Amino acid sequence: MAEPTKTATLTIDDQSYELPIYSPTAGPDVIDIRKLYGQAGVFTYDPGFTSTAACDSTITYIDGFKGELLHRGYPIDQLAGKSHYLEVCYLLLYGNLPSASELEEFETTITHHTMIHEQMHNFFRGFRRDAHPMATMVGVVGAMSAFYHDSTDINNPREREIASHRLIAKMPTIAAMAYKYSIGQPFVYPRNDLDYAANFLHMCFAVPAEEYVVDPILARAMDRIFTLHADHEQNASTSTVRLASSSGANPFACIAAGIACLWGPAHGGANQACLEMLKEIGRPENIPEYIARAKDKNDSFRLMGFGHRVYKNFDPRATVMKQSADEVLDLMGVENNPILATAKALEEAALADPYFAEKKLFPNVDFYSGIILEAMGFPTSMFTPIFALSRTVGWISQWKEQLADPHMKIGRPRQLYQGNTARDYTDIENR
């Protein structure tokens with residue numbers, strides 16, 4: 001960490017305290033309060049930690065007002081347009097874009113580690129068939145530590161590297177197996193002759209009875225979904241991974257914790273909520289009614305997939321995702337799918353309505369990714385598992401960065417206690 005650039009003065013009961021201020025390479029200055037409790041005996045209060053920097057990082061930067069998302073300094077639209085997912089994985093993990101030979105070696109490593117231990121199949125068969133795929137993924141990923149003992153020592157750089165590669169390589173296999181199990185079909189083994197996205201689609205949609213050829217348009221759209229969800233700074237699931245990591249937990253447990261957090265509908269379930277909204281709307285001719293409801297402050301209905309908590313003007317990922325959505329819809333057609341027809345009509349209606357422009361309610365990445373996954377044939381229950389496998393590299397990169405931080409401490413948030421003060425125990429017969 002660089003030296004502080006200036007100080008802030010905090011005065012409490014006529015006593016002043018000097019707090020160091022650090023200036024980042026981008027973003028607002030940060031006041032260092034690490035010694036505040038020891039000096040002044042007070043905590044800060046920040047529910048949700050929305051104004052608190054819990055770490056310093058060099059991986060991802062977001063400027064919500066500019067609509068900017070950078071991975072190691074590279075804009076997301078350039079990465080999604082010119083690169084592909086495994087190259088972005090390398091960038092997030094190692095800090096720079098790879099050379100041709102480095103990328104080839106990395107892709108070969110990932111491709112040849114996509115199979116999971118055969119005994120892990122028994123874990124899937126222990127779940128009910130109607131189990132949500134995310135429940136299956138939380139359990140199976142957590143169980144990886146029982147099978148891969150040679151990559152759980154977080155103090156060994158080589159073991160950290162092996163665990164990183166294993167998680168990136170095996171997560172699509174685990175997600176596809178969770179899907180296949182939920183629909184009662186046999187597992188499909190990964191193939192080394194397919195790229196990362198095409199291999200995932202093949203494992204999800206191939207069956208032993210006939211050949212399945214992955215359409216390159218669908219594979220490219222899937223790769224973009226992976227790329228656009230690879231990392232998103234210190235969000236809830238990433239913070240969960242970092243918090244679990246701070247205790248010294250093994251990498252598989254940390255990533256399982258991230259998957260569990262992502263499962264929440266306020267986090268990873270946004271594109272699923274968007275599709276459920278489209279199903280509620282039903283048909284394009286119902287859109288005016290629902291747009292009117294969305295404008296009515298007294299109506300609880302909200303348009304899902306529009307606007308974003310972080311991005312205040314536009315979501316830079318949505319522009320690229322819209323292109324993929326248009327390509328996929330042209331390929332798959334919307335005539336016989338009322339949900340997709342409704343989505344396209346809703347997008348056009350919202351973009352043309354001044355109300356949504358004034359409120360910055362633009363279609364976001366969840367709106368378009370939900371449309372793409374629906375068109376591909378995925379049920380909504382698979383949307384969040386696909387998000388989880390996309391975000392795995394971001395979680396791992398943040399995990400690796402934290403373990404290398406000499407200032408790392410076990411996470412221990414404080415509280416504003418509002419409960420009873422000390423009181424004596426009352427025997428049960430006297431209550």
# chains A, B, ... in the order shown; residues from 1 in each chain; ligands from 1
$ select_by_dssp --residues "segment 35-211 of chain A" --states "strand (DSSP E or B)" --output "list in words"
Thr60, Tyr61, Ile62, Asp63, Glu68, Leu69, Leu70, His71, Tyr74, Pro75, Val207 and Glu210 of chain A
$ residues_around --residues "Leu346 of chain A" --least-positions-apart "3" --cutoff "8 Å" --atoms "only C-alpha atoms" --output "list of chain:residue names"
A:Pro284, A:Ile287, A:Thr342, A:Ala343, A:Ala349, A:Ala350
$ write_last_selection --atoms "all heavy atoms" --output "short mmCIF file (atom, residue, chain, number, x, y, z; two decimals), in the first residue's frame"
data_model
loop_
_atom_site.label_atom_id
_atom_site.label_comp_id
_atom_site.auth_asym_id
_atom_site.auth_seq_id
_atom_site.Cartn_x
_atom_site.Cartn_y
_atom_site.Cartn_z
N PRO A 284 -46.82 -9.53 -25.84
CA PRO A 284 -46.47 -8.13 -26.16
C PRO A 284 -47.62 -7.15 -25.98
O PRO A 284 -47.42 -6.01 -25.57
CB PRO A 284 -46.02 -8.22 -27.62
CG PRO A 284 -45.51 -9.61 -27.78
CD PRO A 284 -46.39 -10.46 -26.92
N ILE A 287 -47.93 -5.25 -22.64
CA ILE A 287 -46.83 -4.38 -22.17
C ILE A 287 -47.30 -2.99 -21.74
O ILE A 287 -46.87 -2.50 -20.68
CB ILE A 287 -45.74 -4.30 -23.25
CG1 ILE A 287 -44.99 -5.64 -23.31
CG2 ILE A 287 -44.76 -3.15 -22.97
CD1 ILE A 287 -43.98 -5.73 -24.43
N THR A 342 -42.15 -11.04 -26.10
CA THR A 342 -42.47 -10.02 -25.09
C THR A 342 -41.22 -9.26 -24.67
O THR A 342 -41.26 -8.03 -24.51
CB THR A 342 -43.12 -10.69 -23.86
OG1 THR A 342 -44.30 -11.37 -24.26
CG2 THR A 342 -43.46 -9.66 -22.79
N ALA A 343 -40.11 -9.96 -24.51
CA ALA A 343 -38.86 -9.31 -24.11
C ALA A 343 -38.43 -8.30 -25.15
O ALA A 343 -38.03 -7.17 -24.81
CB ALA A 343 -37.77 -10.36 -23.92
N ALA A 349 -40.18 -0.75 -26.19
CA ALA A 349 -41.11 0.18 -25.55
C ALA A 349 -40.42 1.00 -24.47
O ALA A 349 -40.63 2.22 -24.36
CB ALA A 349 -42.30 -0.58 -24.97
N ALA A 350 -39.58 0.35 -23.65
CA ALA A 350 -38.91 1.05 -22.56
C ALA A 350 -37.87 2.04 -23.09
O ALA A 350 -37.76 3.16 -22.58
CB ALA A 350 -38.25 0.05 -21.62
#
$ atom_distance --atom1 "atom CA of Glu104 of chain A" --atom2 "atom CA of Ala169 of chain A"
14.7 Å
$ residues_around --residues "Pro24 of chain A" --least-positions-apart "6" --cutoff "10 Å" --atoms "only C-alpha atoms" --output "PyMOL selection string"
chain A and resi 1-2+4-5+30+56-57
$ residues_around --residues "segment 314-329 of chain A" --least-positions-apart "5" --cutoff "9 Å" --atoms "only C-alpha atoms" --output "NGL selection string"
:A and (64-69 or 75-77 or 80-81 or 217-218 or 220-222 or 224-225 or 228-229 or 307-308 or 334 or 340 or 360-369 or 371-372 or 375-376)
$ write_last_selection --atoms "N, CA and C atoms" --output "compact mmCIF listing (two decimals), in the first residue's frame"
# COMPACT_ATOMS: atom_id res chain seq x y z
N GLY A 64 -19.60 3.79 -11.49
CA GLY A 64 -21.01 3.66 -11.81
C GLY A 64 -21.58 4.86 -12.53
N PHE A 65 -21.02 6.03 -12.33
CA PHE A 65 -21.54 7.23 -12.98
C PHE A 65 -21.08 7.33 -14.43
N LYS A 66 -19.86 6.87 -14.70
CA LYS A 66 -19.37 6.85 -16.08
C LYS A 66 -19.85 5.62 -16.84
N GLY A 67 -20.35 4.62 -16.14
CA GLY A 67 -20.69 3.37 -16.79
C GLY A 67 -19.43 2.65 -17.23
N GLU A 68 -18.45 2.58 -16.32
CA GLU A 68 -17.14 2.03 -16.66
C GLU A 68 -16.84 0.81 -15.81
N LEU A 69 -16.41 -0.26 -16.46
CA LEU A 69 -15.97 -1.48 -15.78
C LEU A 69 -14.64 -1.89 -16.38
N PRO A 75 -11.10 -2.02 -20.50
CA PRO A 75 -12.55 -1.84 -20.51
C PRO A 75 -13.26 -3.15 -20.89
N ILE A 76 -14.37 -3.40 -20.23
CA ILE A 76 -15.09 -4.65 -20.43
C ILE A 76 -15.60 -4.79 -21.86
N ASP A 77 -15.97 -3.68 -22.51
CA ASP A 77 -16.49 -3.80 -23.87
C ASP A 77 -15.39 -4.26 -24.84
N ALA A 80 -14.86 -8.06 -24.08
CA ALA A 80 -15.96 -8.88 -24.58
C ALA A 80 -16.00 -8.90 -26.10
N GLY A 81 -15.53 -7.81 -26.72
CA GLY A 81 -15.58 -7.73 -28.18
C GLY A 81 -14.39 -8.36 -28.87
N ILE A 217 -22.68 -19.53 -33.02
CA ILE A 217 -23.31 -18.31 -32.53
C ILE A 217 -23.70 -18.46 -31.06
N LEU A 218 -24.22 -19.64 -30.72
CA LEU A 218 -24.59 -19.90 -29.33
C LEU A 218 -23.35 -20.00 -28.44
N ARG A 220 -20.50 -18.50 -28.93
CA ARG A 220 -19.97 -17.14 -28.76
C ARG A 220 -20.81 -16.36 -27.75
N ALA A 221 -22.12 -16.50 -27.82
CA ALA A 221 -22.99 -15.81 -26.86
C ALA A 221 -22.74 -16.32 -25.45
N MET A 222 -22.54 -17.64 -25.31
CA MET A 222 -22.25 -18.21 -23.99
C MET A 222 -20.92 -17.69 -23.47
N ARG A 224 -19.55 -14.87 -24.12
CA ARG A 224 -19.73 -13.47 -23.71
C ARG A 224 -20.42 -13.39 -22.35
N ILE A 225 -21.39 -14.26 -22.11
CA ILE A 225 -22.04 -14.28 -20.79
C ILE A 225 -21.00 -14.58 -19.72
N LEU A 228 -18.67 -11.40 -19.38
CA LEU A 228 -19.29 -10.22 -18.79
C LEU A 228 -19.64 -10.40 -17.32
N HIS A 229 -19.60 -11.64 -16.84
CA HIS A 229 -19.88 -11.90 -15.43
C HIS A 229 -18.65 -12.36 -14.67
N GLY A 307 -32.19 -0.73 -15.17
CA GLY A 307 -31.45 0.03 -14.18
C GLY A 307 -30.47 -0.87 -13.44
N HIS A 308 -29.65 -0.26 -12.60
CA HIS A 308 -28.65 -1.02 -11.85
C HIS A 308 -28.25 -0.25 -10.61
N VAL A 334 -38.21 -15.88 -32.63
CA VAL A 334 -39.05 -15.51 -31.49
C VAL A 334 -40.53 -15.75 -31.77
N LEU A 340 -39.90 -14.56 -25.43
CA LEU A 340 -38.88 -13.82 -26.17
C LEU A 340 -39.50 -12.67 -26.96
N LYS A 360 -33.17 6.78 -15.83
CA LYS A 360 -31.98 5.94 -16.10
C LYS A 360 -32.31 4.46 -15.98
N LEU A 361 -33.53 4.09 -16.35
CA LEU A 361 -33.94 2.69 -16.27
C LEU A 361 -33.66 2.01 -17.62
N PHE A 362 -32.38 1.78 -17.87
CA PHE A 362 -31.91 1.15 -19.10
C PHE A 362 -31.92 -0.37 -18.94
N PRO A 363 -32.07 -1.11 -20.03
CA PRO A 363 -31.93 -2.57 -19.91
C PRO A 363 -30.51 -2.91 -19.47
N ASN A 364 -30.39 -3.76 -18.48
CA ASN A 364 -29.06 -4.09 -17.97
C ASN A 364 -28.63 -5.49 -18.43
N VAL A 365 -27.48 -5.92 -17.97
CA VAL A 365 -26.91 -7.19 -18.44
C VAL A 365 -27.81 -8.37 -18.06
N ASP A 366 -28.53 -8.27 -16.94
CA ASP A 366 -29.40 -9.37 -16.52
C ASP A 366 -30.58 -9.54 -17.46
N PHE A 367 -31.08 -8.42 -17.99
CA PHE A 367 -32.20 -8.49 -18.94
C PHE A 367 -31.79 -9.29 -20.17
N TYR A 368 -30.65 -8.94 -20.75
CA TYR A 368 -30.23 -9.59 -21.99
C TYR A 368 -29.72 -11.02 -21.76
N SER A 369 -29.01 -11.25 -20.66
CA SER A 369 -28.52 -12.61 -20.42
C SER A 369 -29.68 -13.56 -20.18
N ILE A 371 -32.65 -13.34 -21.50
CA ILE A 371 -33.25 -13.61 -22.82
C ILE A 371 -32.43 -14.66 -23.57
N ILE A 372 -31.10 -14.50 -23.55
CA ILE A 372 -30.22 -15.43 -24.26
C ILE A 372 -30.35 -16.84 -23.71
N ALA A 375 -33.59 -18.41 -24.67
CA ALA A 375 -33.60 -18.81 -26.08
C ALA A 375 -32.78 -20.07 -26.32
N MET A 376 -31.71 -20.24 -25.56
CA MET A 376 -30.87 -21.43 -25.70
C MET A 376 -31.57 -22.69 -25.19
$ atom_distance --atom1 "atom CA of Asn192 of chain A" --atom2 "atom CA of Leu373 of chain A"
23.8 Å
$ residues_around --residues "segment 161-163 of chain A" --least-positions-apart "3" --cutoff "8 Å" --atoms "only C-alpha atoms" --output "list in words"
Ser151, Thr152, Pro157, Arg158, Arg166, Leu167, Pro251 and Phe252 of chain A
$ write_last_selection --atoms "C-alpha atoms" --output "PDB file, in the first residue's frame"
ATOM      1  CA  SER A 151      -4.513 -28.367  -3.414  1.00  0.00           C
ATOM      2  CA  THR A 152      -5.926 -27.273  -0.060  1.00  0.00           C
ATOM      3  CA  PRO A 157       1.790 -21.160  -3.863  1.00  0.00           C
ATOM      4  CA  ARG A 158       1.812 -24.249  -6.084  1.00  0.00           C
ATOM      5  CA  ARG A 166      -9.135 -26.989 -11.029  1.00  0.00           C
ATOM      6  CA  LEU A 167     -12.015 -24.740 -10.048  1.00  0.00           C
ATOM      7  CA  PRO A 251     -10.270 -22.701  -1.552  1.00  0.00           C
ATOM      8  CA  PHE A 252     -13.145 -25.085  -2.280  1.00  0.00           C
TER       9      PHE A 252
END
$ residues_around --residues "Thr44 of chain A" --least-positions-apart "4" --cutoff "10 Å" --atoms "only C-alpha atoms" --output "PyMOL selection string"
chain A and resi 33+36-37+52+414-416
$ write_last_selection --atoms "all heavy atoms" --output "PDB file, in the first residue's frame"
ATOM      1  N   ILE A  33      -9.384   4.094   9.008  1.00  0.00           N
ATOM      2  CA  ILE A  33      -9.911   4.148  10.387  1.00  0.00           C
ATOM      3  C   ILE A  33      -9.455   2.948  11.207  1.00  0.00           C
ATOM      4  O   ILE A  33     -10.019   2.656  12.258  1.00  0.00           O
ATOM      5  CB  ILE A  33     -11.451   4.234  10.391  1.00  0.00           C
ATOM      6  CG1 ILE A  33     -12.051   2.994   9.699  1.00  0.00           C
ATOM      7  CG2 ILE A  33     -11.939   5.507   9.720  1.00  0.00           C
ATOM      8  CD1 ILE A  33     -13.536   2.822   9.933  1.00  0.00           C
ATOM      9  N   LEU A  36      -8.781   3.774  14.765  1.00  0.00           N
ATOM     10  CA  LEU A  36      -9.734   4.680  15.402  1.00  0.00           C
ATOM     11  C   LEU A  36     -10.256   4.130  16.731  1.00  0.00           C
ATOM     12  O   LEU A  36     -10.336   4.857  17.726  1.00  0.00           O
ATOM     13  CB  LEU A  36     -10.902   4.958  14.451  1.00  0.00           C
ATOM     14  CG  LEU A  36     -11.985   5.916  14.956  1.00  0.00           C
ATOM     15  CD1 LEU A  36     -11.390   7.293  15.259  1.00  0.00           C
ATOM     16  CD2 LEU A  36     -13.110   6.045  13.933  1.00  0.00           C
ATOM     17  N   TYR A  37     -10.596   2.841  16.762  1.00  0.00           N
ATOM     18  CA  TYR A  37     -11.129   2.281  18.003  1.00  0.00           C
ATOM     19  C   TYR A  37     -10.075   2.308  19.113  1.00  0.00           C
ATOM     20  O   TYR A  37     -10.376   2.653  20.259  1.00  0.00           O
ATOM     21  CB  TYR A  37     -11.609   0.847  17.770  1.00  0.00           C
ATOM     22  CG  TYR A  37     -12.089   0.158  19.017  1.00  0.00           C
ATOM     23  CD1 TYR A  37     -13.152   0.672  19.750  1.00  0.00           C
ATOM     24  CD2 TYR A  37     -11.480  -1.007  19.476  1.00  0.00           C
ATOM     25  CE1 TYR A  37     -13.597   0.042  20.903  1.00  0.00           C
ATOM     26  CE2 TYR A  37     -11.910  -1.641  20.629  1.00  0.00           C
ATOM     27  CZ  TYR A  37     -12.973  -1.113  21.341  1.00  0.00           C
ATOM     28  OH  TYR A  37     -13.407  -1.728  22.489  1.00  0.00           O
ATOM     29  N   THR A  52     -17.582   1.628   2.891  1.00  0.00           N
ATOM     30  CA  THR A  52     -16.386   1.121   3.548  1.00  0.00           C
ATOM     31  C   THR A  52     -15.548   0.318   2.571  1.00  0.00           C
ATOM     32  O   THR A  52     -16.069  -0.584   1.909  1.00  0.00           O
ATOM     33  CB  THR A  52     -16.767   0.231   4.745  1.00  0.00           C
ATOM     34  OG1 THR A  52     -17.494   1.010   5.696  1.00  0.00           O
ATOM     35  CG2 THR A  52     -15.532  -0.352   5.413  1.00  0.00           C
ATOM     36  N   ARG A 414     -17.918  -5.057  13.263  1.00  0.00           N
ATOM     37  CA  ARG A 414     -18.428  -4.639  14.576  1.00  0.00           C
ATOM     38  C   ARG A 414     -19.918  -4.361  14.496  1.00  0.00           C
ATOM     39  O   ARG A 414     -20.538  -4.492  13.440  1.00  0.00           O
ATOM     40  CB  ARG A 414     -17.665  -3.393  15.055  1.00  0.00           C
ATOM     41  CG  ARG A 414     -16.165  -3.620  15.195  1.00  0.00           C
ATOM     42  CD  ARG A 414     -15.838  -4.624  16.277  1.00  0.00           C
ATOM     43  NE  ARG A 414     -14.403  -4.698  16.552  1.00  0.00           N
ATOM     44  CZ  ARG A 414     -13.863  -5.276  17.613  1.00  0.00           C
ATOM     45  NH1 ARG A 414     -14.653  -5.859  18.500  1.00  0.00           N
ATOM     46  NH2 ARG A 414     -12.555  -5.298  17.776  1.00  0.00           N
ATOM     47  N   GLN A 415     -20.505  -3.959  15.610  1.00  0.00           N
ATOM     48  CA  GLN A 415     -21.942  -3.736  15.637  1.00  0.00           C
ATOM     49  C   GLN A 415     -22.301  -2.535  16.504  1.00  0.00           C
ATOM     50  O   GLN A 415     -21.529  -2.098  17.353  1.00  0.00           O
ATOM     51  CB  GLN A 415     -22.648  -4.977  16.183  1.00  0.00           C
ATOM     52  CG  GLN A 415     -22.309  -5.265  17.644  1.00  0.00           C
ATOM     53  CD  GLN A 415     -23.034  -6.475  18.197  1.00  0.00           C
ATOM     54  OE1 GLN A 415     -23.662  -7.223  17.474  1.00  0.00           O
ATOM     55  NE2 GLN A 415     -22.954  -6.659  19.510  1.00  0.00           N
ATOM     56  N   LEU A 416     -23.484  -2.034  16.259  1.00  0.00           N
ATOM     57  CA  LEU A 416     -24.105  -1.038  17.124  1.00  0.00           C
ATOM     58  C   LEU A 416     -25.115  -1.799  17.985  1.00  0.00           C
ATOM     59  O   LEU A 416     -26.220  -2.116  17.551  1.00  0.00           O
ATOM     60  CB  LEU A 416     -24.807   0.037  16.286  1.00  0.00           C
ATOM     61  CG  LEU A 416     -25.645   1.076  17.027  1.00  0.00           C
ATOM     62  CD1 LEU A 416     -24.790   1.902  17.982  1.00  0.00           C
ATOM     63  CD2 LEU A 416     -26.377   1.982  16.045  1.00  0.00           C
TER      64      LEU A 416
END
$ residues_around --residues "Glu87 of chain A" --least-positions-apart "5" --cutoff "9 Å" --atoms "only C-alpha atoms" --output "ChimeraX atom specification"
/A:79,92,97-98,103,106-107
$ write_last_selection --atoms "all heavy atoms" --output "CSV table (one decimal), in the first residue's frame"
chain,number,residue,atom,x,y,z
A,79,LEU,N,-12.8,-6.2,-23.9
A,79,LEU,CA,-12.5,-7.6,-23.6
A,79,LEU,C,-13.6,-8.5,-24.2
A,79,LEU,O,-13.3,-9.5,-24.8
A,79,LEU,CB,-12.4,-7.8,-22.1
A,79,LEU,CG,-11.2,-7.1,-21.4
A,79,LEU,CD1,-11.3,-7.3,-19.9
A,79,LEU,CD2,-9.9,-7.7,-21.9
A,92,LEU,N,-7.3,-11.8,-15.3
A,92,LEU,CA,-7.8,-11.6,-13.9
A,92,LEU,C,-6.8,-12.3,-12.9
A,92,LEU,O,-6.5,-11.8,-11.8
A,92,LEU,CB,-9.2,-12.1,-13.7
A,92,LEU,CG,-10.3,-11.3,-14.4
A,92,LEU,CD1,-11.6,-12.1,-14.3
A,92,LEU,CD2,-10.4,-9.9,-13.8
A,97,LEU,N,-2.5,-9.4,-19.9
A,97,LEU,CA,-2.9,-10.3,-21.0
A,97,LEU,C,-1.7,-11.2,-21.4
A,97,LEU,O,-0.6,-10.8,-21.4
A,97,LEU,CB,-3.3,-9.4,-22.3
A,97,LEU,CG,-4.5,-8.6,-22.1
A,97,LEU,CD1,-4.7,-7.7,-23.3
A,97,LEU,CD2,-5.8,-9.5,-22.0
A,98,PRO,N,-2.1,-12.5,-21.7
A,98,PRO,CA,-1.0,-13.4,-22.0
A,98,PRO,C,-0.4,-13.3,-23.4
A,98,PRO,O,-1.1,-12.8,-24.3
A,98,PRO,CB,-1.8,-14.8,-21.9
A,98,PRO,CG,-3.2,-14.4,-22.3
A,98,PRO,CD,-3.4,-13.0,-21.8
A,103,LEU,N,-1.1,-18.2,-23.4
A,103,LEU,CA,-2.5,-18.5,-23.5
A,103,LEU,C,-2.7,-19.9,-23.9
A,103,LEU,O,-3.6,-20.6,-23.4
A,103,LEU,CB,-3.1,-17.5,-24.5
A,103,LEU,CG,-4.7,-17.7,-24.8
A,103,LEU,CD1,-5.4,-17.5,-23.5
A,103,LEU,CD2,-5.2,-16.7,-25.8
A,106,PHE,N,-2.1,-22.1,-20.9
A,106,PHE,CA,-3.2,-22.0,-20.0
A,106,PHE,C,-4.5,-22.7,-20.5
A,106,PHE,O,-5.1,-23.4,-19.7
A,106,PHE,CB,-3.5,-20.5,-19.7
A,106,PHE,CG,-4.6,-20.2,-18.8
A,106,PHE,CD1,-4.4,-20.4,-17.4
A,106,PHE,CD2,-5.8,-19.7,-19.2
A,106,PHE,CE1,-5.4,-20.2,-16.5
A,106,PHE,CE2,-6.8,-19.4,-18.3
A,106,PHE,CZ,-6.6,-19.7,-16.9
A,107,GLU,N,-4.8,-22.5,-21.7
A,107,GLU,CA,-6.0,-23.1,-22.3
A,107,GLU,C,-5.9,-24.7,-22.2
A,107,GLU,O,-6.8,-25.4,-22.0
A,107,GLU,CB,-6.3,-22.7,-23.7
A,107,GLU,CG,-6.8,-21.2,-23.8
A,107,GLU,CD,-7.0,-20.8,-25.2
A,107,GLU,OE1,-6.3,-21.3,-26.1
A,107,GLU,OE2,-7.9,-19.9,-25.4
$ select_by_dssp --residues "segment 11-207 of chain A" --states "helix (DSSP H, G or I)" --output "NGL selection string"
:A and (36-40 or 47-49 or 76-82 or 85-94 or 100-111 or 118-125 or 133-146 or 149-151 or 157-182 or 196-205)
$ closest_residue --among "A:Val207, A:Ser300, A:Tyr17, A:Ala54" --to "Gly38 of chain A" --atoms "only C-alpha atoms"
A:Tyr17
$ closest_residue --among "A:Gly264, A:Pro186, A:Pro133, A:Pro413" --to "Thr380 of chain A" --atoms "only C-alpha atoms"
A:Pro133
$ decode --residues "segment 379-392 of chain A" --atoms "N, CA, C and O atoms" --output "PDB file, in the first residue's frame"
ATOM      1  N   PRO A 379     -33.630 -23.755 -18.400  1.00  0.00           N
ATOM      2  CA  PRO A 379     -34.682 -23.347 -17.467  1.00  0.00           C
ATOM      3  C   PRO A 379     -34.152 -22.242 -16.559  1.00  0.00           C
ATOM      4  O   PRO A 379     -32.933 -22.105 -16.380  1.00  0.00           O
ATOM      5  N   THR A 380     -35.031 -21.486 -15.965  1.00  0.00           N
ATOM      6  CA  THR A 380     -34.588 -20.369 -15.117  1.00  0.00           C
ATOM      7  C   THR A 380     -33.775 -20.848 -13.921  1.00  0.00           C
ATOM      8  O   THR A 380     -32.923 -20.114 -13.415  1.00  0.00           O
ATOM      9  N   SER A 381     -33.993 -22.085 -13.487  1.00  0.00           N
ATOM     10  CA  SER A 381     -33.230 -22.604 -12.353  1.00  0.00           C
ATOM     11  C   SER A 381     -31.744 -22.731 -12.658  1.00  0.00           C
ATOM     12  O   SER A 381     -30.925 -22.844 -11.742  1.00  0.00           O
ATOM     13  N   MET A 382     -31.370 -22.693 -13.942  1.00  0.00           N
ATOM     14  CA  MET A 382     -29.958 -22.814 -14.320  1.00  0.00           C
ATOM     15  C   MET A 382     -29.285 -21.467 -14.501  1.00  0.00           C
ATOM     16  O   MET A 382     -28.063 -21.397 -14.695  1.00  0.00           O
ATOM     17  N   PHE A 383     -30.040 -20.383 -14.447  1.00  0.00           N
ATOM     18  CA  PHE A 383     -29.441 -19.069 -14.693  1.00  0.00           C
ATOM     19  C   PHE A 383     -28.366 -18.743 -13.651  1.00  0.00           C
ATOM     20  O   PHE A 383     -27.269 -18.298 -13.988  1.00  0.00           O
ATOM     21  N   THR A 384     -28.686 -18.949 -12.374  1.00  0.00           N
ATOM     22  CA  THR A 384     -27.725 -18.614 -11.324  1.00  0.00           C
ATOM     23  C   THR A 384     -26.528 -19.564 -11.315  1.00  0.00           C
ATOM     24  O   THR A 384     -25.396 -19.109 -11.108  1.00  0.00           O
ATOM     25  N   PRO A 385     -26.681 -20.876 -11.541  1.00  0.00           N
ATOM     26  CA  PRO A 385     -25.493 -21.720 -11.675  1.00  0.00           C
ATOM     27  C   PRO A 385     -24.556 -21.272 -12.790  1.00  0.00           C
ATOM     28  O   PRO A 385     -23.327 -21.340 -12.642  1.00  0.00           O
ATOM     29  N   ILE A 386     -25.108 -20.799 -13.909  1.00  0.00           N
ATOM     30  CA  ILE A 386     -24.259 -20.300 -14.991  1.00  0.00           C
ATOM     31  C   ILE A 386     -23.534 -19.035 -14.541  1.00  0.00           C
ATOM     32  O   ILE A 386     -22.350 -18.828 -14.862  1.00  0.00           O
ATOM     33  N   PHE A 387     -24.206 -18.191 -13.793  1.00  0.00           N
ATOM     34  CA  PHE A 387     -23.577 -17.006 -13.203  1.00  0.00           C
ATOM     35  C   PHE A 387     -22.436 -17.442 -12.289  1.00  0.00           C
ATOM     36  O   PHE A 387     -21.333 -16.872 -12.318  1.00  0.00           O
ATOM     37  N   ALA A 388     -22.668 -18.479 -11.499  1.00  0.00           N
ATOM     38  CA  ALA A 388     -21.656 -18.947 -10.547  1.00  0.00           C
ATOM     39  C   ALA A 388     -20.411 -19.455 -11.259  1.00  0.00           C
ATOM     40  O   ALA A 388     -19.281 -19.151 -10.858  1.00  0.00           O
ATOM     41  N   LEU A 389     -20.589 -20.222 -12.329  1.00  0.00           N
ATOM     42  CA  LEU A 389     -19.406 -20.725 -13.027  1.00  0.00           C
ATOM     43  C   LEU A 389     -18.677 -19.579 -13.723  1.00  0.00           C
ATOM     44  O   LEU A 389     -17.442 -19.591 -13.813  1.00  0.00           O
ATOM     45  N   SER A 390     -19.412 -18.564 -14.181  1.00  0.00           N
ATOM     46  CA  SER A 390     -18.777 -17.386 -14.792  1.00  0.00           C
ATOM     47  C   SER A 390     -17.939 -16.627 -13.775  1.00  0.00           C
ATOM     48  O   SER A 390     -16.821 -16.182 -14.068  1.00  0.00           O
ATOM     49  N   ARG A 391     -18.479 -16.463 -12.565  1.00  0.00           N
ATOM     50  CA  ARG A 391     -17.860 -15.628 -11.543  1.00  0.00           C
ATOM     51  C   ARG A 391     -16.740 -16.357 -10.796  1.00  0.00           C
ATOM     52  O   ARG A 391     -15.975 -15.716 -10.071  1.00  0.00           O
ATOM     53  N   THR A 392     -16.605 -17.657 -11.004  1.00  0.00           N
ATOM     54  CA  THR A 392     -15.591 -18.428 -10.279  1.00  0.00           C
ATOM     55  C   THR A 392     -14.204 -17.826 -10.429  1.00  0.00           C
ATOM     56  O   THR A 392     -13.455 -17.719  -9.451  1.00  0.00           O
TER      57      THR A 392
END
